Amino acid sequence: MAYAEGGETIAEFVDTTKRFGKVLAADRLNLKIGKGEFLSFLGPSGCGKTTALRMLAGFEPPTEGRILIDGQDIGAEPAHRRPVNMVFQHYALFPHMTVAENVGYGLRQRRPKLAKDDIAARVARALDTVRLGDFGPRRIWEMSGGQQQRVALARAIVNEPKILLLDEPMAALDAKLRGQMQMELLSLQRKLGITFILVTHDQQEALSMSDRICIMGKGRISQIGTPRELYDRPANRYVADFVGRANILPGTVIRNIGEHALVRLASNHDVVVEAPRPVSPGDKVDIAIRPEALRLGTAAEPGLPDITATVAHMTFLGEHVEYLLRHPDLGELQVMVPRQAERALPGVDVGTQLHVLWDQGNGLILGQD
Amino acid sequence: MTKARARWLLLGPAGLWYAALLVLPLAVVLVYSLGERAPAGGYAPALTLAQYANLGSRWTAFQNTLVLAPVGTLAALLIAYPLAYFLAVKSNPRWRTALLVLVIVPFWTSILIRSYAWIFLLGGRGIPALLADLGLGDIRLINTPFAVLVGIVYGYLPLMVFPIYVSLERLDKRLLEASSDLGAPPWRSFLQVTLPLSLPGVATGSMLVFILLMGEYLIPQMLGGGKVFFVGNALVDLFLQSRNWAFGSAMAVTLVAVMLVTVTLYMRFLSRIGAARDDVGLM
């Protein structure tokens with residue numbers, strides 16, 4: 001479910017800060033999480049994403065600020081009294097219990113106690129949901145990594161939490177299994193309608209699954225938005241670099257053209273780029289352009305700046321070929337060329353001079369970090 | 001090198017050691033237990049069960065051993081578990097090694113000397129004198145079962161602390177977070193996660209202490225003053241004082257048999273309560 005401003009909020013960080021001694025792990029987080037939303041915290045290790053998740057779970061009390069779940073300040077509630085459940089990075093399954101006992105653990109903690117058959121029925125249903133229907137009596141160590149992941153998932157969702165927290169749940173799986181689990185997780189989230197909060201350092205994972213992504217760096221939120229917003233309109237250099245890949249080039253604004261601006265590059269070429277923030281002539285700015293937004297040609301095209309660069313490296317990626325070119329003033333340029341388009345570049349090899357074609361309106365001016 | 005030869009090289013030294021110093025002597029003891037006391041003491045060949053029929057005359061020694069060994073093991077467990085828990089979970093990691101060393105420090109002094117210290121502590125001018133000064137009347141401690149219990153628990157506590165410490169220390173702390181996340185308050189997390197997962201350590205420690213207590217000689221000798229004696233004390237008496245080697249052998253064989261039975265029952269009990277998984281099977 002997409003997040004809507006003014007829609008129902010399930011959880012909220014209000015100026016939430018966490019310090020470990022002198023280390024500032026989370027710096028004044030402000031974030032509303034919508035009901036039924038799939039939100040990802042994305043960032044490199046040490047960016048504060050896991051701290052944010054653990055504060056929500058109740059494992060780390062915030063140093064300052066508040067955390068609300070369903071409008072209630074739960075900052076002082078211990079983990080076992082919060083209506084959230086977590087899928088741990090290495091699953092943290094109980095080795096001395098069977099699969100079914102693991103899944104039923106949360107239900108057995110309920111007071112007043114639930115009836116035994118009620119627990120058994122709910123456990124069976126949860127195991128069916130993760131397609132482990134017949135595995136109830138198995139021991140944990142008899143299960144493969146992917147199966148253990150499903151057990152961890154079942155153990156969390158059987159409690160029908162208001163929010164499901166996922167701490168890098170796919171990190172220990174191989175690439176193929178990871179893709180498959182991502183799809184399953186997503187369809188499960190749609191089916192259950194529970195809010196999912198995923199912590200990951202894998203941008204592909206965040207992009208493919210999330211309604212919104214919260215990019216974090218150095219304990220702060222760098223940008224929040226839908227995957228498309230983040231990819232098409234990165235707010236700053238950090239986001240542009242972290243989500244997908246980008247050529248980041250310095251330039252000087254010549255003049256504004258409505259929502260666009262004419263910018264002069266270090267090589268004295270003028271390009272027309274998007275200007276998401278107001279700029280004035282003479283401003284020094286950073287421009288980001290995605291490798292797939294640039295084209296390569298054997299000749300210059302009329303109306304476009306004539307940027308000539310030398311091929312330094314080519315990487316064959318199957319459906320795409322990644323070119324790395326070198327320009328004396330602009331430095332390195334990455335260009336992603338689809339296989340079809342590569343047929344127009346016969347005999348190109350390292351050292352060949354090519355024309356980098358920058359279509360009008362591609363690329364954008366970045367904000368300050 | 002062939003697999004078979006590698007196996008012999010690996011098992012050879014220990015195998016020889018056990019054959020020469022355990023299996024052979026045990027066989028000798030078994031043979032002797034069927035013999036008779038020579039007129040001047042020692043062993044005279046015979047084939048009789050008379051020594052076994054006579055075991056009843058030394059019943060007190062068995063009784064003391066069979067009561068004080070399990071009670072001592074249990075007391076050591078009850079004292080060691082909280083200590084091990086503190087060391088593994090609650091202590092500041094910076095001090096942990098130092099605290100662990102403190103647990104072993106008593107081993108640096110001979111048990112003989114430490115038991116002498118207990119003789120003074122429990123003797124007339126020790127704790128009883130202190131209690132008398134406080135107006136608690138005339139309490140005798142030395143040469144009582146209590147004194148022996150104090151001595152054995154004191155002497156064997158580290159052997160209980162370490163296996164439990166190791167099993168608690170290896171416990172994945174994320175399991176406790178998971179338990180808490182799933183709604184269990186701390187004390188229920190302890191009962192449902194920490195305790196069951198530390199049972200291998202409890203089993204190892206209890207077994208170590210229990211087996212050693214069954215054969216204990218020194219502490220009952222010193223703190224029991226010949227009044228509270230174990231099978232071990234009776235054996236020393238039979239072999240060295242009465243020089244009745246045949247009867248002593250019968251008693252030794254019986255002790256081994258009793259130990260085998262109790263340890264087997266204990267293992268059965270452990271597997272019954274579900275602790276005897278692969279990792280408990282190391283015993």
# chains A, B, ... in the order shown; residues from 1 in each chain; ligands from 1
call {"tool": "closest_atom_pairs", "arguments": {"of": "chain B", "to": "chain A", "cutoff": "10 Å", "atoms": "only C-alpha atoms", "output": "Markdown table"}}
result
| residue | atom | partner | partner_atom | distance |
| --- | --- | --- | --- | --- |
| B:Asp172 | CA | A:Ala92 | CA | 8.0 |
| B:Lys173 | CA | A:Ala92 | CA | 8.9 |
| B:Arg174 | CA | A:Ala92 | CA | 5.9 |
| B:Leu175 | CA | A:Ala92 | CA | 5.2 |
| B:Leu176 | CA | A:Ala92 | CA | 8.7 |
| B:Glu177 | CA | A:Phe59 | CA | 7.4 |
| B:Ala178 | CA | A:Ala92 | CA | 6.5 |
| B:Ser179 | CA | A:Gly106 | CA | 7.8 |
| B:Ser180 | CA | A:His80 | CA | 4.7 |
| B:Asp181 | CA | A:His80 | CA | 5.2 |
| B:Leu182 | CA | A:Gly106 | CA | 4.5 |
| B:Gly183 | CA | A:His80 | CA | 3.9 |
| B:Ala184 | CA | A:His80 | CA | 5.6 |
| B:Pro185 | CA | A:His80 | CA | 6.0 |
| B:Pro186 | CA | A:His80 | CA | 8.6 |
| B:Arg188 | CA | A:Gln109 | CA | 8.6 |
| B:Ser189 | CA | A:Gln109 | CA | 9.8 |
| B:Gln192 | CA | A:Tyr105 | CA | 9.5 |
| B:Val193 | CA | A:Phe94 | CA | 7.5 |
| B:Pro196 | CA | A:His96 | CA | 7.4 |
| B:Leu197 | CA | A:His96 | CA | 7.0 |
| B:Gly274 | CA | A:His96 | CA | 8.5 |
| B:Ala275 | CA | A:His96 | CA | 8.1 |
| B:Arg277 | CA | A:His96 | CA | 8.4 |
call {"tool": "residues_around", "arguments": {"residues": "segment 38-48 of chain A", "least_positions_apart": "2", "cutoff": "8 Å", "atoms": "only C-alpha atoms", "output": "NGL selection string"}}
result
:A and (1 or 25-26 or 33 or 36 or 50-52 or 189 or 195-203 or 206 or 209-220 or 242)
call {"tool": "residues_around", "arguments": {"residues": "Gln51 of chain B", "least_positions_apart": "4", "cutoff": "12 Å", "atoms": "only C-alpha atoms", "output": "MDAnalysis selection string"}}
result
chainID B and resid 30:37 46:47 55:58 244:254
call {"tool": "write_last_selection", "arguments": {"atoms": "N, CA and C atoms", "output": "JSON list (two decimals), in the first residue's frame"}}
result
[["chain", "number", "residue", "atom", "x", "y", "z"],
["B", 30, "LEU", "N", 38.76, -57.33, 40.28],
["B", 30, "LEU", "CA", 37.63, -58.23, 40.15],
["B", 30, "LEU", "C", 37.99, -59.64, 40.62],
["B", 31, "VAL", "N", 39.17, -60.12, 40.22],
["B", 31, "VAL", "CA", 39.64, -61.45, 40.63],
["B", 31, "VAL", "C", 39.83, -61.50, 42.14],
["B", 32, "TYR", "N", 40.48, -60.47, 42.67],
["B", 32, "TYR", "CA", 40.74, -60.43, 44.12],
["B", 32, "TYR", "C", 39.44, -60.45, 44.92],
["B", 33, "SER", "N", 38.40, -59.78, 44.36],
["B", 33, "SER", "CA", 37.15, -59.66, 45.12],
["B", 33, "SER", "C", 36.49, -61.02, 45.32],
["B", 34, "LEU", "N", 36.93, -61.99, 44.51],
["B", 34, "LEU", "CA", 36.36, -63.34, 44.65],
["B", 34, "LEU", "C", 37.24, -64.23, 45.53],
["B", 35, "GLY", "N", 38.29, -63.63, 46.08],
["B", 35, "GLY", "CA", 39.23, -64.41, 46.88],
["B", 35, "GLY", "C", 38.95, -64.29, 48.37],
["B", 36, "GLU", "N", 40.02, -64.58, 49.15],
["B", 36, "GLU", "CA", 39.91, -64.53, 50.61],
["B", 36, "GLU", "C", 41.07, -63.75, 51.19],
["B", 37, "ARG", "N", 40.92, -63.35, 52.46],
["B", 37, "ARG", "CA", 42.02, -62.69, 53.13],
["B", 37, "ARG", "C", 43.03, -63.77, 53.53],
["B", 46, "ALA", "N", 40.92, -67.79, 45.87],
["B", 46, "ALA", "CA", 39.73, -68.59, 46.17],
["B", 46, "ALA", "C", 38.68, -68.23, 45.15],
["B", 47, "LEU", "N", 37.58, -68.92, 45.14],
["B", 47, "LEU", "CA", 36.47, -68.54, 44.27],
["B", 47, "LEU", "C", 35.21, -68.57, 45.11],
["B", 55, "LEU", "N", 29.20, -57.41, 52.56],
["B", 55, "LEU", "CA", 29.20, -55.96, 52.31],
["B", 55, "LEU", "C", 28.36, -55.20, 53.33],
["B", 56, "GLY", "N", 27.32, -55.84, 53.83],
["B", 56, "GLY", "CA", 26.41, -55.20, 54.78],
["B", 56, "GLY", "C", 27.12, -54.62, 55.99],
["B", 57, "SER", "N", 28.24, -55.21, 56.37],
["B", 57, "SER", "CA", 28.96, -54.73, 57.55],
["B", 57, "SER", "C", 29.56, -53.35, 57.32],
["B", 58, "ARG", "N", 29.69, -52.97, 56.05],
["B", 58, "ARG", "CA", 30.24, -51.64, 55.73],
["B", 58, "ARG", "C", 29.15, -50.74, 55.14],
["B", 244, "ASN", "N", 42.69, -56.54, 54.49],
["B", 244, "ASN", "CA", 41.75, -57.51, 53.93],
["B", 244, "ASN", "C", 41.51, -57.14, 52.47],
["B", 245, "TRP", "N", 42.46, -57.56, 51.61],
["B", 245, "TRP", "CA", 42.42, -57.13, 50.21],
["B", 245, "TRP", "C", 41.20, -57.67, 49.48],
["B", 246, "ALA", "N", 40.78, -58.84, 49.81],
["B", 246, "ALA", "CA", 39.65, -59.44, 49.10],
["B", 246, "ALA", "C", 38.36, -58.66, 49.38],
["B", 247, "PHE", "N", 38.14, -58.36, 50.66],
["B", 247, "PHE", "CA", 36.95, -57.61, 51.01],
["B", 247, "PHE", "C", 37.01, -56.20, 50.42],
["B", 248, "GLY", "N", 38.20, -55.59, 50.50],
["B", 248, "GLY", "CA", 38.39, -54.26, 49.91],
["B", 248, "GLY", "C", 38.07, -54.27, 48.42],
["B", 249, "SER", "N", 38.53, -55.34, 47.72],
["B", 249, "SER", "CA", 38.28, -55.44, 46.29],
["B", 249, "SER", "C", 36.79, -55.56, 46.01],
["B", 250, "ALA", "N", 36.11, -56.35, 46.82],
["B", 250, "ALA", "CA", 34.67, -56.51, 46.61],
["B", 250, "ALA", "C", 33.96, -55.17, 46.78],
["B", 251, "MET", "N", 34.43, -54.41, 47.75],
["B", 251, "MET", "CA", 33.82, -53.10, 47.99],
["B", 251, "MET", "C", 34.11, -52.15, 46.82],
["B", 252, "ALA", "N", 35.34, -52.21, 46.30],
["B", 252, "ALA", "CA", 35.70, -51.35, 45.17],
["B", 252, "ALA", "C", 34.86, -51.69, 43.95],
["B", 253, "VAL", "N", 34.70, -52.99, 43.69],
["B", 253, "VAL", "CA", 33.89, -53.42, 42.54],
["B", 253, "VAL", "C", 32.45, -52.94, 42.71],
["B", 254, "THR", "N", 31.95, -53.04, 43.94],
["B", 254, "THR", "CA", 30.58, -52.61, 44.19],
["B", 254, "THR", "C", 30.43, -51.10, 43.95]]
call {"tool": "select_by_dssp", "arguments": {"residues": "segment 2-193 of chain B", "states": "strand (DSSP E or B)", "output": "PyMOL selection string"}}
result
chain B and resi 36-37+42-44
call {"tool": "residues_around", "arguments": {"residues": "Ile219 of chain B", "least_positions_apart": "4", "cutoff": "7 Å", "atoms": "only C-alpha atoms", "output": "PyMOL selection string"}}
result
chain B and resi 115+148+151-152+223
call {"tool": "select_by_dssp", "arguments": {"residues": "segment 23-134 of chain B", "states": "alpha helix (DSSP H)", "output": "VMD selection string"}}
result
chain B and resid 24 to 33 50 to 53 59 to 85 93 to 104 111 to 122 127 to 133
call {"tool": "residues_around", "arguments": {"residues": "segment 179-183 of chain A", "least_positions_apart": "3", "cutoff": "8 Å", "atoms": "only C-alpha atoms", "output": "list in words"}}
result
Met170, Ala175, Lys176, Leu186, Ser187, Glu205 and Met209 of chain A
call {"tool": "write_last_selection", "arguments": {"atoms": "C-alpha atoms", "output": "PDB file, in the first residue's frame"}}
result
ATOM      1  CA  MET A 170      17.964 -12.187   3.155  1.00  0.00           C
ATOM      2  CA  ALA A 175      21.432 -14.753  -4.790  1.00  0.00           C
ATOM      3  CA  LYS A 176      18.814 -16.949  -6.487  1.00  0.00           C
ATOM      4  CA  LEU A 186       6.264  -8.998  -0.923  1.00  0.00           C
ATOM      5  CA  SER A 187       3.206 -11.106  -1.745  1.00  0.00           C
ATOM      6  CA  GLU A 205      16.350  -5.382  -2.564  1.00  0.00           C
ATOM      7  CA  MET A 209      10.236  -4.371  -2.593  1.00  0.00           C
TER       8      MET A 209
END
call {"tool": "residues_around", "arguments": {"residues": "segment 77-89 of chain B", "least_positions_apart": "3", "cutoff": "9 Å", "atoms": "only C-alpha atoms", "output": "list in words"}}
result
Gly72, Thr73, Leu74, Asn92, Pro93, Arg96, Leu99, Leu100, Val153, Leu157, Pro158, Met160, Val161, Phe162, Pro163, Ile164, Tyr165, Val166, Ser167, Leu168, Glu169, Arg170, Val202, Gly205 and Ser206 of chain B
call {"tool": "write_last_selection", "arguments": {"atoms": "N, CA and C atoms", "output": "CSV table (one decimal), in the first residue's frame"}}
result
chain,number,residue,atom,x,y,z
B,72,GLY,N,25.8,-33.2,47.9
B,72,GLY,CA,26.9,-32.3,47.6
B,72,GLY,C,26.9,-31.8,46.2
B,73,THR,N,26.6,-32.7,45.2
B,73,THR,CA,26.5,-32.2,43.8
B,73,THR,C,25.4,-31.2,43.7
B,74,LEU,N,24.2,-31.5,44.3
B,74,LEU,CA,23.1,-30.6,44.2
B,74,LEU,C,23.4,-29.2,44.8
B,92,ASN,N,30.9,-7.4,34.0
B,92,ASN,CA,31.5,-6.5,33.0
B,92,ASN,C,32.6,-7.3,32.3
B,93,PRO,N,32.5,-7.4,30.9
B,93,PRO,CA,33.5,-8.2,30.2
B,93,PRO,C,34.9,-7.8,30.5
B,96,ARG,N,35.9,-9.9,33.4
B,96,ARG,CA,35.5,-11.3,33.4
B,96,ARG,C,36.6,-12.2,33.6
B,99,LEU,N,37.8,-12.3,37.1
B,99,LEU,CA,36.9,-13.0,38.0
B,99,LEU,C,37.0,-14.5,37.8
B,100,LEU,N,37.2,-14.9,36.5
B,100,LEU,CA,37.3,-16.4,36.3
B,100,LEU,C,38.6,-16.9,37.0
B,153,VAL,N,31.6,-29.3,48.9
B,153,VAL,CA,31.1,-28.2,48.0
B,153,VAL,C,32.2,-27.2,47.7
B,157,LEU,N,33.5,-26.8,43.8
B,157,LEU,CA,32.7,-25.8,43.2
B,157,LEU,C,33.2,-25.4,41.8
B,158,PRO,N,34.5,-25.1,41.7
B,158,PRO,CA,35.0,-24.6,40.4
B,158,PRO,C,34.7,-25.6,39.3
B,160,MET,N,32.1,-27.3,38.9
B,160,MET,CA,30.8,-27.1,38.5
B,160,MET,C,30.6,-25.8,37.8
B,161,VAL,N,31.3,-24.7,38.3
B,161,VAL,CA,31.2,-23.4,37.7
B,161,VAL,C,31.6,-23.4,36.2
B,162,PHE,N,32.7,-24.0,35.9
B,162,PHE,CA,33.3,-23.8,34.6
B,162,PHE,C,32.4,-24.4,33.4
B,163,PRO,N,32.0,-25.6,33.5
B,163,PRO,CA,31.1,-26.1,32.4
B,163,PRO,C,29.8,-25.3,32.3
B,164,ILE,N,29.2,-24.9,33.4
B,164,ILE,CA,28.0,-24.1,33.3
B,164,ILE,C,28.3,-22.7,32.7
B,165,TYR,N,29.5,-22.1,33.1
B,165,TYR,CA,29.9,-20.8,32.6
B,165,TYR,C,30.0,-20.9,31.1
B,166,VAL,N,30.7,-22.0,30.6
B,166,VAL,CA,31.0,-22.1,29.2
B,166,VAL,C,29.7,-22.2,28.4
B,167,SER,N,28.7,-23.0,28.9
B,167,SER,CA,27.5,-23.2,28.2
B,167,SER,C,26.6,-21.9,28.2
B,168,LEU,N,26.7,-21.1,29.3
B,168,LEU,CA,26.0,-19.8,29.3
B,168,LEU,C,26.7,-18.8,28.4
B,169,GLU,N,28.0,-18.9,28.4
B,169,GLU,CA,28.8,-17.9,27.7
B,169,GLU,C,28.6,-18.1,26.2
B,170,ARG,N,28.4,-19.4,25.7
B,170,ARG,CA,28.2,-19.7,24.3
B,170,ARG,C,26.8,-19.4,23.9
B,202,VAL,N,25.3,-28.0,32.8
B,202,VAL,CA,24.8,-28.5,34.1
B,202,VAL,C,25.1,-30.0,34.2
B,205,GLY,N,29.0,-30.6,34.5
B,205,GLY,CA,29.5,-30.2,35.8
B,205,GLY,C,29.0,-31.2,36.8
B,206,SER,N,27.7,-31.5,36.8
B,206,SER,CA,27.2,-32.4,37.8
B,206,SER,C,27.9,-33.8,37.7
